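Novice: I'm passing along final_38.cif; it holds mmCIF, C-alpha atoms and all ligand atoms.
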data_run
loop_
_atom_site.label_atom_id
_atom_site.label_comp_id
_atom_site.auth_asym_id
_atom_site.auth_seq_id
_atom_site.Cartn_x
_atom_site.Cartn_y
_atom_site.Cartn_z
CA MET A 1 -178.55 -158.14 118.42
CA LEU A 2 -180.49 -161.26 117.53
CA PRO A 3 -182.52 -163.02 120.27
CA ILE A 4 -180.00 -165.85 120.28
CA GLU A 5 -177.14 -163.40 120.81
CA ARG A 6 -179.01 -161.72 123.63
CA ARG A 7 -179.53 -165.10 125.29
CA GLN A 8 -175.86 -165.91 125.02
CA GLN A 9 -174.89 -162.56 126.44
CA LEU A 10 -177.35 -163.10 129.25
CA LEU A 11 -175.92 -166.49 130.14
CA THR A 12 -172.43 -165.03 130.18
CA TRP A 13 -173.50 -162.27 132.56
CA LEU A 14 -175.41 -164.63 134.84
CA ASN A 15 -172.45 -166.88 134.98
CA LYS A 16 -170.22 -164.07 136.12
CA GLU A 17 -172.61 -162.10 138.27
CA GLY A 18 -175.12 -164.58 139.68
CA THR A 19 -178.49 -162.89 139.67
CA LEU A 20 -179.74 -160.17 137.34
CA SER A 21 -183.01 -158.29 137.52
CA ILE A 22 -185.24 -157.96 134.48
CA THR A 23 -184.86 -154.18 134.60
CA GLU A 24 -181.09 -154.44 134.65
CA ILE A 25 -181.13 -156.84 131.71
CA SER A 26 -183.49 -154.64 129.76
CA ASN A 27 -181.21 -151.63 130.37
CA ARG A 28 -178.06 -153.43 129.40
CA LEU A 29 -179.49 -155.00 126.27
CA GLN A 30 -181.47 -151.88 125.45
CA VAL A 31 -184.63 -153.80 124.77
CA SER A 32 -188.02 -153.64 126.51
CA GLU A 33 -188.75 -155.76 129.58
CA MET A 34 -191.34 -157.52 127.46
CA THR A 35 -188.55 -158.59 125.09
CA VAL A 36 -186.44 -159.74 128.02
CA TYR A 37 -189.30 -161.97 129.19
CA ARG A 38 -189.64 -163.37 125.69
CA ASP A 39 -185.89 -163.98 125.51
CA ILE A 40 -185.67 -165.80 128.82
CA LYS A 41 -188.77 -167.96 128.31
CA PRO A 42 -186.93 -170.69 126.37
CA LEU A 43 -184.09 -170.58 128.90
CA ILE A 44 -186.55 -171.17 131.72
CA GLU A 45 -188.29 -173.95 129.79
CA ASP A 46 -184.90 -175.50 129.16
CA LYS A 47 -184.13 -175.24 132.87
CA LYS A 48 -181.04 -173.19 132.18
CA VAL A 49 -182.20 -170.31 134.32
CA ILE A 50 -184.77 -169.90 137.07
CA LYS A 51 -186.76 -166.95 138.29
CA THR A 52 -185.87 -165.69 141.73
CA SER A 53 -187.22 -162.80 143.76
CA GLY A 54 -184.41 -160.60 142.52
CA GLY A 55 -184.69 -161.53 138.86
CA ILE A 56 -183.19 -164.58 137.21
CA CYS A 57 -180.16 -166.75 137.88
CA LEU A 58 -178.62 -169.90 136.47
CA THR A 59 -180.05 -173.20 137.64
CA GLN A 60 -178.02 -175.47 139.88
CA GLU A 61 -177.28 -177.74 136.95
CA THR A 62 -175.87 -174.94 134.82
CA THR A 63 -173.84 -173.64 137.76
CA ILE A 64 -172.34 -176.93 138.90
CA SER A 65 -171.05 -177.83 135.48
CA SER A 66 -169.17 -174.56 135.53
CA SER A 67 -166.55 -175.23 138.17
CA ALA A 68 -164.34 -177.73 136.36
CA CYS A 69 -162.61 -177.28 133.03
CA THR A 70 -164.58 -179.15 130.36
CA TYR A 71 -161.37 -180.18 128.64
CA CYS A 72 -158.84 -181.13 131.32
CA LEU A 73 -161.37 -181.43 134.20
CA LYS A 74 -159.14 -179.42 136.49
CA GLU A 75 -160.92 -177.08 138.90
CA SER A 76 -160.98 -173.84 137.04
CA ASN A 77 -159.62 -171.20 139.39
CA ASN A 78 -157.47 -169.55 136.80
CA ARG A 79 -158.06 -165.87 136.31
CA HIS A 80 -157.99 -166.33 132.55
CA PRO A 81 -160.82 -168.74 131.84
CA VAL A 82 -162.38 -169.28 128.43
CA GLN A 83 -166.05 -169.83 127.78
CA ILE A 84 -167.54 -171.63 124.86
CA ILE A 85 -171.21 -171.15 124.13
CA THR A 86 -172.79 -173.69 121.83
CA HIS A 87 -175.68 -173.19 119.45
CA GLU A 88 -177.87 -174.99 122.00
CA LEU A 89 -176.77 -172.35 124.52
CA ARG A 90 -174.76 -174.76 126.58
CA VAL A 91 -171.96 -172.87 128.32
CA GLU A 92 -168.65 -174.66 128.72
CA HIS A 93 -165.89 -173.43 130.96
CA LEU A 94 -162.27 -173.96 130.17
CA CYS A 95 -159.48 -173.25 132.60
CA CYS A 96 -157.29 -171.29 130.19
CA PRO A 97 -156.87 -170.45 126.48
CA HIS A 98 -154.88 -173.67 126.01
CA CYS A 99 -157.92 -175.81 126.85
CA GLY A 100 -160.28 -173.30 125.24
CA LEU A 101 -158.64 -173.58 121.86
CA LEU A 102 -158.31 -177.37 121.95
CA ARG A 103 -161.90 -177.79 123.07
CA TYR A 104 -163.03 -175.41 120.35
CA LYS A 105 -161.35 -177.60 117.75
CA ASP A 106 -163.11 -180.69 119.14
CA ILE A 107 -166.59 -179.26 118.91
CA GLU A 108 -166.05 -176.56 116.31
CA LYS A 109 -169.33 -177.00 114.46
CA ASP A 110 -171.36 -176.69 117.66
CA VAL A 111 -169.68 -173.51 118.80
CA SER A 112 -171.58 -170.29 118.59
CA GLN A 113 -169.15 -168.13 120.55
CA ILE A 114 -165.81 -168.51 122.20
CA ILE A 115 -164.93 -165.89 124.74
CA CYS A 116 -161.71 -165.29 126.61
CA ARG A 117 -160.20 -162.59 128.78
CA ASP A 118 -157.54 -160.16 127.74
CA PHE A 119 -154.44 -161.01 129.70
CA LEU A 120 -153.51 -157.43 130.60
CA GLN A 121 -156.80 -155.61 130.85
CA ASP A 122 -159.01 -158.45 132.01
CA THR A 123 -161.71 -157.47 129.55
CA THR A 124 -163.91 -160.00 127.79
CA ILE A 125 -163.02 -160.56 124.17
CA SER A 126 -163.99 -162.89 121.38
CA ALA A 127 -161.24 -165.47 121.08
CA LYS A 128 -161.56 -165.47 117.31
CA MET A 129 -160.46 -161.83 117.26
CA ALA A 130 -157.75 -162.23 119.88
CA TYR A 131 -153.99 -162.56 119.58
CA PHE A 132 -152.38 -165.47 121.37
CA LEU A 133 -148.93 -165.58 122.85
CA LEU A 134 -147.31 -168.99 123.18
CA ASP A 135 -144.12 -169.84 125.04
CA ALA A 136 -143.89 -166.63 127.00
CA ASP A 137 -141.58 -166.84 129.98
CA PHE A 138 -144.37 -166.13 132.41
CA ASN A 139 -145.97 -168.92 134.37
CA LEU A 140 -149.74 -168.98 134.65
CA ASN A 141 -149.60 -172.32 136.46
CA CYS A 142 -152.11 -173.84 134.12
CA CYS A 143 -151.82 -175.98 131.02
CA GLN A 144 -148.74 -176.42 128.83
CA PRO A 145 -147.97 -175.24 126.24
CA GLN A 146 -149.23 -172.11 127.89
CA VAL A 147 -151.31 -169.67 125.89
CA LEU A 148 -152.05 -166.06 126.80
CA ALA A 149 -154.78 -164.06 125.07
CA PHE A 150 -154.64 -160.39 124.13
CA ASP A 151 -157.20 -158.04 122.72
CA SER A 152 -154.71 -156.02 120.69
CA LEU A 153 -151.69 -156.94 118.65
CA LYS A 154 -149.86 -154.02 120.24
CA HIS A 155 -150.21 -155.48 123.73
CA ALA A 156 -149.36 -158.96 122.54
CA ASP A 157 -146.22 -157.59 120.87
CA GLN A 158 -145.22 -155.57 123.90
CA PHE A 159 -145.66 -158.55 126.18
CA GLN A 160 -143.73 -160.70 123.76
CA LYS A 161 -140.83 -158.21 123.78
CA GLY A 162 -140.63 -158.52 127.54
CA PHE A 163 -141.35 -162.19 128.04
CA GLY A 164 -140.58 -163.84 124.72
CA GLY A 165 -142.70 -166.37 122.86
CA ILE A 166 -144.60 -166.16 119.60
CA VAL A 167 -147.77 -164.25 118.75
CA LEU A 168 -150.40 -166.10 116.74
CA ARG A 169 -153.92 -165.57 115.49
CA PHE A 170 -156.79 -167.83 116.53
CA GLU A 171 -156.51 -170.53 113.86
CA GLU A 172 -152.70 -170.48 113.89
CA ALA A 173 -152.66 -170.86 117.64
CA ILE A 174 -154.92 -173.93 117.48
CA ILE A 175 -152.71 -175.57 114.88
CA GLU A 176 -149.58 -174.79 116.88
CA ILE A 177 -150.95 -176.16 120.16
CA GLN A 178 -152.22 -179.30 118.45
CA LYS A 179 -148.78 -179.79 116.93
CA ARG A 180 -147.08 -179.41 120.32
CA MET A 181 -149.52 -181.82 121.91
CA ASN A 182 -148.42 -184.41 119.36
CA GLY A 183 -151.93 -185.61 118.89
CA GLN A 184 -152.29 -186.48 122.56
CA SER A 185 -155.65 -185.70 123.97
CA GLY A 186 -155.95 -184.03 127.34
CA CYS A 187 -153.41 -181.45 128.20
CA GLY A 188 -150.03 -181.09 129.75
CA CYS A 189 -151.39 -179.72 132.98
CA ASN A 190 -149.01 -179.35 135.89
CA LYS A 191 -151.21 -181.48 138.07
CA ARG A 192 -150.63 -180.73 141.70
CA GLU A 193 -149.48 -183.72 143.72
ZN ZN A 201 -158.26 -177.13 131.24
ZN ZN A 202 -155.51 -174.73 131.80
#
Show me the file's structure as structure tokens.
Ligand SMILES: [Zn+2]
Ligand SMILES: [Zn+2]
Specialist:
Amino acid sequence: MLPIERRQQLLTWLNKEGTLSITEISNRLQVSEMTVYRDIKPLIEDKKVIKTSGGICLTQETTISSSACTYCLKESNNRHPVQIITHELRVEHLCCPHCGLLRYKDIEKDVSQIICRDFLQDTTISAKMAYFLLDADFNLNCCQPQVLAFDSLKHADQFQKGFGGIVLRFEEAIIEIQKRMNGQSGCGCNKRE
């Protein structure tokens, strides 16, 4: 793993887990604690993370910007969020794959990683490798057209057999959603009254 990849991984973990100790990070990344300190130095200088007694955690600024969807601005309480990490290590949070894919298209050249969660197993996967199911008869209560992400084609196919819809790859899914949105920006969220 390159230093930049380790930093991205670190931000993803911190975002999910809050605080991490240096020892824990060094174990997980399988690098020395010295390397961990070197890796986090720019993050601390950039005020992305701060040192605490227990290790390091995200700064207030990084944490606050994480509660609302960057694309549709809805509070992101969906259990299938998407994260986009830019080359400058900014982490954006999107409420669901619908917003994730549209946002990706908007800032494509700045994106270093786009991460989503497998719909069935709840594991973290790279969106670029995922399979996306559109139009399934299964309501996530998030943005329309609804998009579900799957790690494996087998699962996507099985889910599609049960709930209908179409299975698409990353790029195809983006094109399809954009087409359905008819060039509108924003998203067809079912905004609660
Ligand atoms: Zn959204
Ligand atoms: Zn959404």
Novice: Residues of chain A within 6 Å of ligand ZN 202 (chain A): nearest atom pair and distance (Å, one decimal) for each, counting all atoms listed in the file, sorted by chain and number, as a tab-separated table?
Specialist:
residue	atom	partner	partner_atom	distance
A:Cys95	CA	A:ZN202	ZN	4.3
A:Cys96	CA	A:ZN202	ZN	4.2
A:His98	CA	A:ZN202	ZN	5.9
A:Cys99	CA	A:ZN202	ZN	5.6
A:Cys142	CA	A:ZN202	ZN	4.2
A:Cys143	CA	A:ZN202	ZN	4.0
Novice: Would you tabulate, counting only C-alpha atoms, all residues of range 148-171 of chain A that have an atom at most 6 Å from an atom of range 111-127 of chain A, showing the closest pair of atoms and their distance in Å to one decimal, sorted by chain then ascending number, as JSON lines?
Specialist:
{"residue": "A:Ala149", "atom": "CA", "partner": "A:Asp118", "partner_atom": "CA", "distance": 5.5}
{"residue": "A:Phe150", "atom": "CA", "partner": "A:Asp118", "partner_atom": "CA", "distance": 4.6}
{"residue": "A:Asp151", "atom": "CA", "partner": "A:Asp118", "partner_atom": "CA", "distance": 5.5}
Novice: So that each row is one residue of chain A with an atom at most 9 Å from ligand ZN 201 (chain A), can you give its shortest atom pair and the distance in Å to one decimal, using only C-alpha atoms and all ligand atoms, rows by chain and rising number, as a tab-separated table?
Specialist:
residue	atom	partner	partner_atom	distance
A:Ala68	CA	A:ZN201	ZN	8.0
A:Cys69	CA	A:ZN201	ZN	4.7
A:Thr70	CA	A:ZN201	ZN	6.7
A:Tyr71	CA	A:ZN201	ZN	5.1
A:Cys72	CA	A:ZN201	ZN	4.0
A:Leu73	CA	A:ZN201	ZN	6.1
A:Lys74	CA	A:ZN201	ZN	5.8
A:Glu75	CA	A:ZN201	ZN	8.1
A:Ser76	CA	A:ZN201	ZN	7.2
A:Pro81	CA	A:ZN201	ZN	8.8
A:His93	CA	A:ZN201	ZN	8.5
A:Leu94	CA	A:ZN201	ZN	5.2
A:Cys95	CA	A:ZN201	ZN	4.3
A:Cys96	CA	A:ZN201	ZN	6.0
A:Pro97	CA	A:ZN201	ZN	8.3
A:His98	CA	A:ZN201	ZN	7.1
A:Cys99	CA	A:ZN201	ZN	4.6
A:Gly100	CA	A:ZN201	ZN	7.4
A:Arg103	CA	A:ZN201	ZN	9.0
A:Cys142	CA	A:ZN201	ZN	7.5
A:Cys143	CA	A:ZN201	ZN	6.5
A:Gly186	CA	A:ZN201	ZN	8.3
A:Cys187	CA	A:ZN201	ZN	7.2
A:Cys189	CA	A:ZN201	ZN	7.5
Novice: Could you work out how far CA of Ile4 in chain A lies from CA of Ala173 in chain A, giving the answer in Å with one decimal?
Specialist: 27.9 Å
Novice: Between CA of Ile44 in chain A and CA of Gln60 in chain A, measure the distance and give it in Å to one decimal.
Specialist: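 Distance reported for this atom pair: 12.6 Å.
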Novice: Residues within 8 Å of Tyr37 in chain A, please, as a list in words. Count all atoms listed in the file; anything in the same chain fewer than 4 positions from it doesn't count.
Specialist: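 Counting only the stated atoms, we get Ile22, Glu33 and Lys41 of chain A.
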